[in-house]
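Here the structure is laid out as structure tokens; the discussion comes afterwards.
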Amino acid sequence: MKKLVWSIAVVVILLWSLLSVGAYVLLWVFGDALLQSSVWVSAHPEVSRWMTWGLDLAQDFGLVIVAAVWALVTVGIVAAAWVIGRGSAAANRVMQSR
């Protein structure tokens, strides 16, 4: 049972990793598209300059944010697998002692 729980946890972590990479790629692609078209959004150069600065900042911190969320969720998945594995081992011991 323990091997099954950890195998499922590894598969879930791999899927979560793919989803996180996809989110980062989408952030980067849409950020680049918005940066390229920020001049068209406003006729005022000051507004487009602030918009460009904000979008560039979001892209720069995007990797850090995605990595932090990925790490927190991964730790949660590992913790859940550990708790389930410990619980199933304890349940097996109880059932065998009867």
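Chain lettering (A, B, ...) mirrors the order of the structure tokens, residue numbering begins at 1 for each chain separately, and ligand numbering begins at 1 in order of display.
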Quick one: residues within 12 Å of A:Leu26, only C-alpha atoms counted, chain neighbours fewer than 5 positions away excluded, as an mmCIF file with C-alpha atoms, in the first residue's frame?
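Contents of out_36.cif, as written:
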data_model
loop_
_atom_site.group_PDB
_atom_site.id
_atom_site.type_symbol
_atom_site.label_atom_id
_atom_site.label_comp_id
_atom_site.auth_asym_id
_atom_site.auth_seq_id
_atom_site.Cartn_x
_atom_site.Cartn_y
_atom_site.Cartn_z
ATOM 1 C CA LEU A 19 1.069 22.431 -15.072
ATOM 2 C CA SER A 20 3.446 24.859 -13.344
ATOM 3 C CA VAL A 21 5.779 25.006 -16.334
ATOM 4 C CA GLY A 31 3.550 39.115 -20.973
ATOM 5 C CA ASP A 32 5.612 39.507 -24.142
ATOM 6 C CA ALA A 33 2.485 40.083 -26.219
ATOM 7 C CA LEU A 34 1.252 42.732 -23.798
ATOM 8 C CA GLN A 59 7.517 38.778 -15.864
ATOM 9 C CA GLY A 62 6.748 35.416 -12.406
ATOM 10 C CA LEU A 63 9.343 32.671 -12.184
ATOM 11 C CA VAL A 66 5.495 30.096 -9.903
#
Residues near stretch 69-74 of chain A, cut-off 9 Å, only C-alpha atoms, skip fewer than 3 positions along chain, as a count of residues only: 11
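For the set A:Ala80, A:Leu35, A:Val75, A:Met1, the residue with the smallest atom-to-atom gap to A:Ser48 is A:Leu35, counting only C-alpha atoms.
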Separation of atom CA of A:Leu27 from atom CA of A:Ala9 in Å: 26.6 Å
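Of the listed residues A:Gly85, A:Gly22, A:Pro45, A:Gly54, the one whose atoms come nearest to A:Ser7 is A:Gly85, with distances taken using only C-alpha atoms.
Separating atom CA of A:Gln36 from atom CA of A:Leu18 is a distance of 27.0 Å.
With atom CA of A:Ser37 on one side and atom CA of A:Met51 on the other, the separation reads 10.3 Å.
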Long-range neighbours of A:Ile8 as a ChimeraX atom specification, 10 Å cut-off, only C-alpha atoms, 6 positions minimum in chain: /A:2,14,77,81
